[in-house]
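Asks: Provided below: protein.cif, containing mmCIF, C-alpha atoms.
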```cif
data_target
#
loop_
_atom_site.group_PDB
_atom_site.id
_atom_site.type_symbol
_atom_site.label_atom_id
_atom_site.label_comp_id
_atom_site.auth_asym_id
_atom_site.auth_seq_id
_atom_site.Cartn_x
_atom_site.Cartn_y
_atom_site.Cartn_z
ATOM 1 C CA GLN A 1 118.748 87.399 125.529
ATOM 2 C CA PRO A 2 115.732 89.288 124.187
ATOM 3 C CA ILE A 3 113.189 90.333 126.801
ATOM 4 C CA ALA A 4 110.339 90.764 124.314
ATOM 5 C CA ALA A 5 109.437 90.001 120.737
ATOM 6 C CA ALA A 6 108.222 92.836 118.572
ATOM 7 C CA SER A 7 106.321 92.119 115.377
ATOM 8 C CA ILE A 8 109.376 92.663 113.201
ATOM 9 C CA GLY A 9 112.136 92.695 115.780
ATOM 10 C CA GLN A 10 113.306 91.796 119.240
ATOM 11 C CA VAL A 11 113.715 93.990 122.305
ATOM 12 C CA PHE A 12 116.718 93.850 124.609
ATOM 13 C CA ARG A 13 117.467 95.697 127.842
ATOM 14 C CA GLY A 14 120.745 97.526 128.164
ATOM 15 C CA THR A 15 122.589 100.180 130.125
ATOM 16 C CA LEU A 16 124.412 103.108 128.541
ATOM 17 C CA LEU A 17 127.853 104.183 129.709
ATOM 18 C CA ASP A 18 126.258 107.009 131.706
ATOM 19 C CA GLY A 19 124.116 104.459 133.605
ATOM 20 C CA THR A 20 120.852 105.124 131.755
ATOM 21 C CA ASP A 21 118.739 101.989 131.341
ATOM 22 C CA VAL A 22 117.434 101.569 127.799
ATOM 23 C CA ALA A 23 115.299 99.325 125.636
ATOM 24 C CA ILE A 24 116.994 98.330 122.383
ATOM 25 C CA LYS A 25 114.666 97.230 119.601
ATOM 26 C CA VAL A 26 116.550 95.418 116.848
ATOM 27 C CA GLN A 27 114.936 94.640 113.520
ATOM 28 C CA ARG A 28 114.961 91.024 112.389
ATOM 29 C CA PRO A 29 117.431 90.409 109.530
ATOM 30 C CA ARG A 30 115.947 90.569 106.016
ATOM 31 C CA ILE A 31 112.471 91.418 107.367
ATOM 32 C CA LEU A 32 111.697 93.665 104.396
ATOM 33 C CA ASP A 33 112.467 90.758 102.066
ATOM 34 C CA ASP A 34 110.058 88.579 104.043
ATOM 35 C CA ILE A 35 107.390 91.295 103.963
ATOM 36 C CA ALA A 36 107.825 91.683 100.192
ATOM 37 C CA VAL A 37 107.398 87.933 99.600
ATOM 38 C CA ASP A 38 104.345 87.817 101.868
ATOM 39 C CA LEU A 39 102.728 90.751 100.071
ATOM 40 C CA TYR A 40 103.474 89.219 96.683
ATOM 41 C CA LEU A 41 101.833 85.957 97.761
ATOM 42 C CA LEU A 42 98.845 87.794 99.246
ATOM 43 C CA ARG A 43 98.364 89.679 95.977
ATOM 44 C CA LEU A 44 98.477 86.361 94.097
ATOM 45 C CA ILE A 45 95.838 84.656 96.241
ATOM 46 C CA THR A 46 93.567 87.668 96.797
ATOM 47 C CA PRO A 47 91.549 87.180 93.575
ATOM 48 C CA LEU A 48 90.967 83.526 94.513
ATOM 49 C CA GLN A 49 89.988 84.473 98.062
ATOM 50 C CA VAL A 50 87.552 87.141 96.836
ATOM 51 C CA ARG A 51 85.937 84.717 94.387
ATOM 52 C CA ALA A 52 85.655 81.989 97.067
ATOM 53 C CA THR A 53 84.191 84.378 99.646
ATOM 54 C CA ASN A 54 81.671 85.735 97.181
ATOM 55 C CA LEU A 55 80.762 82.219 96.039
ATOM 56 C CA VAL A 56 80.063 81.133 99.631
ATOM 57 C CA GLN A 57 77.881 84.220 100.082
ATOM 58 C CA GLY A 58 76.074 83.578 96.798
ATOM 59 C CA ILE A 59 77.386 86.772 95.208
ATOM 60 C CA ALA A 60 78.997 87.009 91.801
ATOM 61 C CA ALA A 61 82.594 88.217 91.978
ATOM 62 C CA ASP A 62 83.507 90.983 89.573
ATOM 63 C CA GLN A 63 86.705 92.928 88.924
ATOM 64 C CA PHE A 64 85.550 95.701 91.273
ATOM 65 C CA ASP A 65 85.545 93.215 94.200
ATOM 66 C CA ILE A 66 88.974 91.877 93.255
ATOM 67 C CA ASP A 67 90.400 95.377 92.861
ATOM 68 C CA GLY A 68 89.037 96.241 96.302
ATOM 69 C CA GLY A 69 90.741 93.222 97.822
ATOM 70 C CA LEU A 70 94.023 94.098 96.132
ATOM 71 C CA ALA A 71 93.756 97.706 97.315
ATOM 72 C CA PHE A 72 93.276 96.425 100.863
ATOM 73 C CA VAL A 73 96.419 94.259 100.582
ATOM 74 C CA ASP A 74 98.371 97.200 99.146
ATOM 75 C CA GLU A 75 97.277 99.538 101.952
ATOM 76 C CA TRP A 76 98.098 96.924 104.568
ATOM 77 C CA GLY A 77 101.489 96.465 102.898
ATOM 78 C CA LYS A 78 102.250 100.180 103.112
ATOM 79 C CA GLY A 79 101.696 99.987 106.864
ATOM 80 C CA LEU A 80 103.968 96.966 107.225
ATOM 81 C CA VAL A 81 106.752 98.609 105.235
ATOM 82 C CA ALA A 82 106.390 101.829 107.251
ATOM 83 C CA GLU A 83 106.565 99.814 110.490
ATOM 84 C CA ALA A 84 109.981 98.555 109.389
ATOM 85 C CA ASP A 85 111.387 102.105 109.513
ATOM 86 C CA TYR A 86 112.446 102.673 113.110
ATOM 87 C CA CYS A 87 113.299 106.319 112.313
ATOM 88 C CA LEU A 88 109.608 106.831 111.540
ATOM 89 C CA GLU A 89 108.673 105.043 114.766
ATOM 90 C CA ALA A 90 110.947 107.403 116.709
ATOM 91 C CA LYS A 91 109.312 110.382 115.000
ATOM 92 C CA ASN A 92 105.823 109.050 115.792
ATOM 93 C CA ALA A 93 106.686 108.622 119.484
ATOM 94 C CA GLN A 94 108.121 112.122 119.693
ATOM 95 C CA GLN A 95 105.071 113.615 117.934
ATOM 96 C CA PHE A 96 102.845 111.856 120.477
ATOM 97 C CA ILE A 97 104.847 113.155 123.441
ATOM 98 C CA THR A 98 104.806 116.708 122.065
ATOM 99 C CA ALA A 99 101.099 116.588 121.210
ATOM 100 C CA MET A 100 100.057 115.288 124.617
ATOM 101 C CA GLU A 101 102.284 117.730 126.515
ATOM 102 C CA SER A 102 100.951 120.689 124.498
ATOM 103 C CA ARG A 103 97.415 119.668 125.484
ATOM 104 C CA GLY A 104 98.287 119.346 129.159
ATOM 105 C CA LEU A 105 97.744 115.570 129.137
ATOM 106 C CA THR A 106 100.476 114.702 131.606
ATOM 107 C CA ALA A 107 99.133 111.394 132.923
ATOM 108 C CA LEU A 108 100.536 109.552 129.924
ATOM 109 C CA MET A 109 103.823 109.182 128.138
ATOM 110 C CA ALA A 110 105.892 107.300 125.609
ATOM 111 C CA PRO A 111 109.507 106.264 126.117
ATOM 112 C CA GLY A 112 111.988 108.963 125.181
ATOM 113 C CA VAL A 113 114.060 108.110 122.118
ATOM 114 C CA VAL A 114 117.865 108.084 122.330
ATOM 115 C CA ALA A 115 118.240 109.563 118.848
ATOM 116 C CA GLU A 116 122.026 109.398 118.623
ATOM 117 C CA LEU A 117 121.923 105.601 119.030
ATOM 118 C CA SER A 118 118.860 104.943 116.862
ATOM 119 C CA GLY A 119 118.506 104.341 113.151
ATOM 120 C CA SER A 120 116.252 102.691 110.602
ATOM 121 C CA LYS A 121 116.906 99.169 111.971
ATOM 122 C CA VAL A 122 117.710 99.850 115.641
ATOM 123 C CA LEU A 123 115.613 101.932 118.034
ATOM 124 C CA VAL A 124 116.964 102.844 121.459
ATOM 125 C CA THR A 125 114.552 104.304 124.012
ATOM 126 C CA LYS A 126 114.739 105.047 127.693
ATOM 127 C CA TRP A 127 113.702 102.065 129.785
ATOM 128 C CA ILE A 128 110.284 102.424 131.397
ATOM 129 C CA ASN A 129 109.746 100.758 134.758
ATOM 130 C CA GLY A 130 106.190 99.554 135.013
ATOM 131 C CA THR A 131 103.754 96.707 134.642
ATOM 132 C CA ARG A 132 101.338 95.786 131.912
ATOM 133 C CA LEU A 133 98.099 97.631 132.545
ATOM 134 C CA ASP A 134 96.044 94.435 132.258
ATOM 135 C CA ARG A 135 98.158 92.706 134.930
ATOM 136 C CA ASP A 136 98.420 95.563 137.417
ATOM 137 C CA ALA A 137 96.244 95.452 140.539
ATOM 138 C CA SER A 138 96.851 99.064 141.591
ATOM 139 C CA ALA A 139 93.840 101.108 142.628
ATOM 140 C CA ASP A 140 94.472 103.684 139.894
ATOM 141 C CA VAL A 141 94.175 101.269 136.946
ATOM 142 C CA PRO A 142 90.546 102.314 136.212
ATOM 143 C CA ARG A 143 91.729 105.940 136.092
ATOM 144 C CA LEU A 144 94.512 104.965 133.691
ATOM 145 C CA CYS A 145 91.989 103.156 131.485
ATOM 146 C CA ALA A 146 90.058 106.429 131.295
ATOM 147 C CA VAL A 147 93.338 108.204 130.475
ATOM 148 C CA ALA A 148 93.862 105.701 127.655
ATOM 149 C CA VAL A 149 90.376 106.332 126.236
ATOM 150 C CA ASN A 150 90.955 110.085 126.411
ATOM 151 C CA ALA A 151 94.373 109.731 124.768
ATOM 152 C CA TYR A 152 93.056 107.597 121.916
ATOM 153 C CA LEU A 153 90.143 109.970 121.313
ATOM 154 C CA THR A 154 92.575 112.901 121.311
ATOM 155 C CA MET A 155 94.802 111.094 118.811
ATOM 156 C CA LEU A 156 91.861 110.118 116.620
ATOM 157 C CA LEU A 157 89.972 113.404 116.658
ATOM 158 C CA ASP A 158 92.653 116.014 117.246
ATOM 159 C CA THR A 159 96.313 115.173 116.659
ATOM 160 C CA GLY A 160 96.039 113.115 113.476
ATOM 161 C CA VAL A 161 98.573 110.534 114.703
ATOM 162 C CA LEU A 162 96.816 107.435 116.023
ATOM 163 C CA HIS A 163 98.670 104.601 117.766
ATOM 164 C CA CYS A 164 97.325 101.507 115.991
ATOM 165 C CA ASP A 165 98.755 98.737 118.171
ATOM 166 C CA PRO A 166 97.064 99.085 121.589
ATOM 167 C CA HIS A 167 97.384 95.466 122.735
ATOM 168 C CA PRO A 168 98.015 94.805 126.459
ATOM 169 C CA GLY A 169 101.782 94.463 126.034
ATOM 170 C CA ASN A 170 101.998 98.029 124.742
ATOM 171 C CA LEU A 171 100.148 99.680 127.644
ATOM 172 C CA LEU A 172 102.062 100.014 130.908
ATOM 173 C CA ARG A 173 101.319 101.497 134.290
ATOM 174 C CA THR A 174 104.552 103.226 135.265
ATOM 175 C CA THR A 175 105.873 103.113 138.804
ATOM 176 C CA ASP A 176 104.856 106.788 139.203
ATOM 177 C CA GLY A 177 101.253 106.076 138.143
ATOM 178 C CA LYS A 178 101.288 107.208 134.523
ATOM 179 C CA LEU A 179 100.130 105.387 131.417
ATOM 180 C CA CYS A 180 102.972 104.591 129.036
ATOM 181 C CA ILE A 181 102.155 103.665 125.445
ATOM 182 C CA LEU A 182 104.877 101.576 123.786
ATOM 183 C CA ASP A 183 105.629 100.674 120.165
ATOM 184 C CA TRP A 184 104.875 103.540 117.791
ATOM 185 C CA GLY A 185 105.626 101.596 114.601
ATOM 186 C CA MET A 186 101.983 101.400 113.467
ATOM 187 C CA THR A 187 100.251 104.752 113.327
#
```
Give the structure from this file in structure tokens form.
Replies:
Amino acid sequence: QPIAAASIGQVFRGTLLDGTDVAIKVQRPRILDDIAVDLYLLRLITPLQVRATNLVQGIAADQFDIDGGLAFVDEWGKGLVAEADYCLEAKNAQQFITAMESRGLTALMAPGVVAELSGSKVLVTKWINGTRLDRDASADVPRLCAVAVNAYLTMLLDTGVLHCDPHPGNLLRTTDGKLCILDWGMT
């Protein structure tokens, strides 16, 4: 049974032969086909949506507006397609870990990737024991929120790799009091 739903996959908990607990993220079958159809349909309706929005606002729609809408859909599509590559997600997580460690930011982490068991459609990471930051009543949660702000500013202004999916399910307080950021598919 899956323990969590990811945007394009499901997450399972498992144990390796050596006893290591892991999270196994498995991509949904044919997800790239579904993404391609969705993007095709979005590109078809975008000119209509731009015209309708401009009409409601009392603005004439021109080709520049439509091209801007299509460019937005295309850029969004690139992100969705990239998110479907779990090898890239593994690389993003490792870059984050390395960047934070090199800056001495040790109060946060990402799950370590089990590279030999991971691929483009399956991502295996070490299991992280913890609770969602928004549901944890520990006294150090305000400190971890400050750690999160510092981490996101460091990513934005310094490292060049920004985690773009910071919803509550992706931010954990670990049992040893660190902030763990999950799901590095969108950066």
Asks: Applied to the shown file, which residues does the PyMOL selection byres ((chain A and resi 22-32) around 6) return, written as a ChimeraX atom specification?
Replies: /A:8-15,21,33-35,121-127
Asks: Check what the PyMOL selection byres ((chain A and resi 135-146) around 9) selects in the file above and give those residues as a ChimeraX atom specification.
Replies: /A:107-108,131-134,147-151,168,172-173,177-179
Asks: With distances taken over all atoms listed in the file, which residue among A:Leu17, A:Val37, A:Ile45, A:Met186 lies nearest A:Tyr86?
Replies: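 Under the stated criterion, the closest residue is A:Met186.
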Asks: Taking all atoms listed in the file into account, name the residue in A:Leu171, A:Val50, A:Val113, A:Ile3 that is nearest to A:Glu89.
Replies: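 Of all the options, A:Val113 lies closest to A:Glu89.
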Asks: Can you work out which one of A:Val73, A:Val56, A:Leu44, A:Ala84 has the shortest atom-to-atom distance to A:Ala6, counting all atoms listed in the file?
Replies: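 Using all atoms listed in the file, the shortest distance to A:Ala6 belongs to A:Ala84.
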Asks: Rounded to one decimal place, report the atom CA of A:Trp184-atom CA of A:Ala71 distance in Å.
Replies: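 The value is 24.0 Å.
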Asks: Find, counting all atoms listed in the file, the residue in A:Asp18, A:Asp165, A:Asp158, A:Asp176 that gets nearest to A:Arg103.
Replies: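 Among A:Asp18, A:Asp165, A:Asp158, A:Asp176, it is A:Asp158 that comes nearest to A:Arg103.
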Asks: Restricting the calculation to only C-alpha atoms: of A:Thr159, A:Ser7, A:Thr154, A:Thr106, which residue gets closest to A:Leu80?
Replies: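 The shortest atom-to-atom distance to A:Leu80 comes from A:Ser7.
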Asks: Give the answer as one residue: which of A:Glu116, A:Leu153, A:Gly104, A:Gly58 has the shortest atom-to-atom distance to A:Leu16, using all atoms listed in the file?
Replies: A:Glu116
Asks: Excluding A:Met109 and any residue of its chain fewer than 5 positions from it, enumerate the residues within 9 Å of it, using only C-alpha atoms, and give them as a list in words.
Replies: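 Counting only the stated atoms, we get Phe96, Ile97, Met100, Glu101, Lys178, Leu179, Cys180, Ile181 and Leu182 of chain A.
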Asks: Would you mind reading off the distance between atom CA of A:Asn92 and atom CA of A:His167, one decimal, in Å?
Replies: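 According to the coordinates, atom CA of A:Asn92 and atom CA of A:His167 are separated by 17.4 Å.
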Asks: List the residues selected by the PyMOL selection byres ((chain A and resi 129) around 6) in the file shown, writing them as a PyMOL selection string.
Replies: chain A and resi 128+130+174
Asks: Could you jot down the atom CA of A:His163 to atom CA of A:Ala36 separation for me, Å, one decimal place?
Replies: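 Result for atom CA of A:His163 versus atom CA of A:Ala36: 23.7 Å, one decimal.
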Asks: Because some atoms of stretch 135-160 of chain A are absent here, can you restore N, CA, C and O atoms and send them as a CSV table (one decimal), keeping the file's coordinate frame?
Replies:
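Result file is selection-v6.csv:
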```csv
chain,number,residue,atom,x,y,z
A,135,ARG,N,97.7,93.6,133.9
A,135,ARG,CA,98.2,92.7,134.9
A,135,ARG,C,98.4,93.5,136.2
A,135,ARG,O,98.9,92.9,137.2
A,136,ASP,N,98.1,94.7,136.2
A,136,ASP,CA,98.4,95.6,137.4
A,136,ASP,C,97.2,95.6,138.3
A,136,ASP,O,96.1,95.9,137.8
A,137,ALA,N,97.4,95.4,139.6
A,137,ALA,CA,96.2,95.5,140.5
A,137,ALA,C,96.1,96.8,141.3
A,137,ALA,O,95.4,96.9,142.3
A,138,SER,N,96.9,97.8,140.9
A,138,SER,CA,96.9,99.1,141.6
A,138,SER,C,95.5,99.7,141.5
A,138,SER,O,94.7,99.5,140.6
A,139,ALA,N,95.2,100.5,142.5
A,139,ALA,CA,93.8,101.1,142.6
A,139,ALA,C,93.6,102.1,141.5
A,139,ALA,O,92.4,102.4,141.2
A,140,ASP,N,94.7,102.6,140.9
A,140,ASP,CA,94.5,103.7,139.9
A,140,ASP,C,94.3,103.1,138.5
A,140,ASP,O,94.3,103.9,137.5
A,141,VAL,N,94.3,101.8,138.3
A,141,VAL,CA,94.2,101.3,136.9
A,141,VAL,C,92.9,101.7,136.2
A,141,VAL,O,93.0,102.1,135.1
A,142,PRO,N,91.7,101.8,136.9
A,142,PRO,CA,90.5,102.3,136.2
A,142,PRO,C,90.7,103.8,135.7
A,142,PRO,O,90.3,104.1,134.6
A,143,ARG,N,91.4,104.6,136.5
A,143,ARG,CA,91.7,105.9,136.1
A,143,ARG,C,92.6,105.9,134.8
A,143,ARG,O,92.4,106.7,133.9
A,144,LEU,N,93.6,105.0,134.8
A,144,LEU,CA,94.5,105.0,133.7
A,144,LEU,C,93.8,104.4,132.5
A,144,LEU,O,94.1,104.8,131.3
A,145,CYS,N,92.8,103.6,132.6
A,145,CYS,CA,92.0,103.2,131.5
A,145,CYS,C,91.2,104.3,130.9
A,145,CYS,O,91.1,104.5,129.7
A,146,ALA,N,90.7,105.2,131.8
A,146,ALA,CA,90.1,106.4,131.3
A,146,ALA,C,91.1,107.4,130.6
A,146,ALA,O,90.7,108.0,129.6
A,147,VAL,N,92.3,107.4,131.1
A,147,VAL,CA,93.3,108.2,130.5
A,147,VAL,C,93.6,107.7,129.1
A,147,VAL,O,93.8,108.4,128.1
A,148,ALA,N,93.6,106.3,129.0
A,148,ALA,CA,93.9,105.7,127.7
A,148,ALA,C,92.8,106.1,126.7
A,148,ALA,O,93.0,106.4,125.5
A,149,VAL,N,91.5,106.0,127.1
A,149,VAL,CA,90.4,106.3,126.2
A,149,VAL,C,90.5,107.8,125.8
A,149,VAL,O,90.4,108.1,124.6
A,150,ASN,N,90.8,108.7,126.7
A,150,ASN,CA,91.0,110.1,126.4
A,150,ASN,C,92.1,110.3,125.4
A,150,ASN,O,92.0,111.1,124.5
A,151,ALA,N,93.2,109.6,125.7
A,151,ALA,CA,94.4,109.7,124.8
A,151,ALA,C,94.1,109.3,123.4
A,151,ALA,O,94.4,109.9,122.4
A,152,TYR,N,93.4,108.1,123.2
A,152,TYR,CA,93.1,107.6,121.9
A,152,TYR,C,92.0,108.5,121.2
A,152,TYR,O,92.1,108.7,120.0
A,153,LEU,N,91.1,109.0,121.9
A,153,LEU,CA,90.1,110.0,121.3
A,153,LEU,C,90.9,111.2,120.9
A,153,LEU,O,90.6,111.8,119.8
A,154,THR,N,91.8,111.7,121.7
A,154,THR,CA,92.6,112.9,121.3
A,154,THR,C,93.4,112.6,120.1
A,154,THR,O,93.4,113.4,119.1
A,155,MET,N,94.0,111.5,120.0
A,155,MET,CA,94.8,111.1,118.8
A,155,MET,C,93.9,111.0,117.6
A,155,MET,O,94.2,111.5,116.5
A,156,LEU,N,92.8,110.3,117.7
A,156,LEU,CA,91.9,110.1,116.6
A,156,LEU,C,91.2,111.4,116.1
A,156,LEU,O,91.2,111.7,114.9
A,157,LEU,N,90.8,112.2,117.0
A,157,LEU,CA,90.0,113.4,116.7
A,157,LEU,C,90.8,114.7,116.6
A,157,LEU,O,90.3,115.7,116.0
A,158,ASP,N,92.0,114.7,117.1
A,158,ASP,CA,92.7,116.0,117.2
A,158,ASP,C,94.1,116.0,116.6
A,158,ASP,O,94.4,116.8,115.8
A,159,THR,N,94.9,115.1,117.1
A,159,THR,CA,96.3,115.2,116.7
A,159,THR,C,96.6,114.6,115.3
A,159,THR,O,97.5,115.1,114.6
A,160,GLY,N,95.8,113.7,114.8
A,160,GLY,CA,96.0,113.1,113.5
A,160,GLY,C,97.0,112.0,113.5
A,160,GLY,O,97.3,111.4,112.4
```
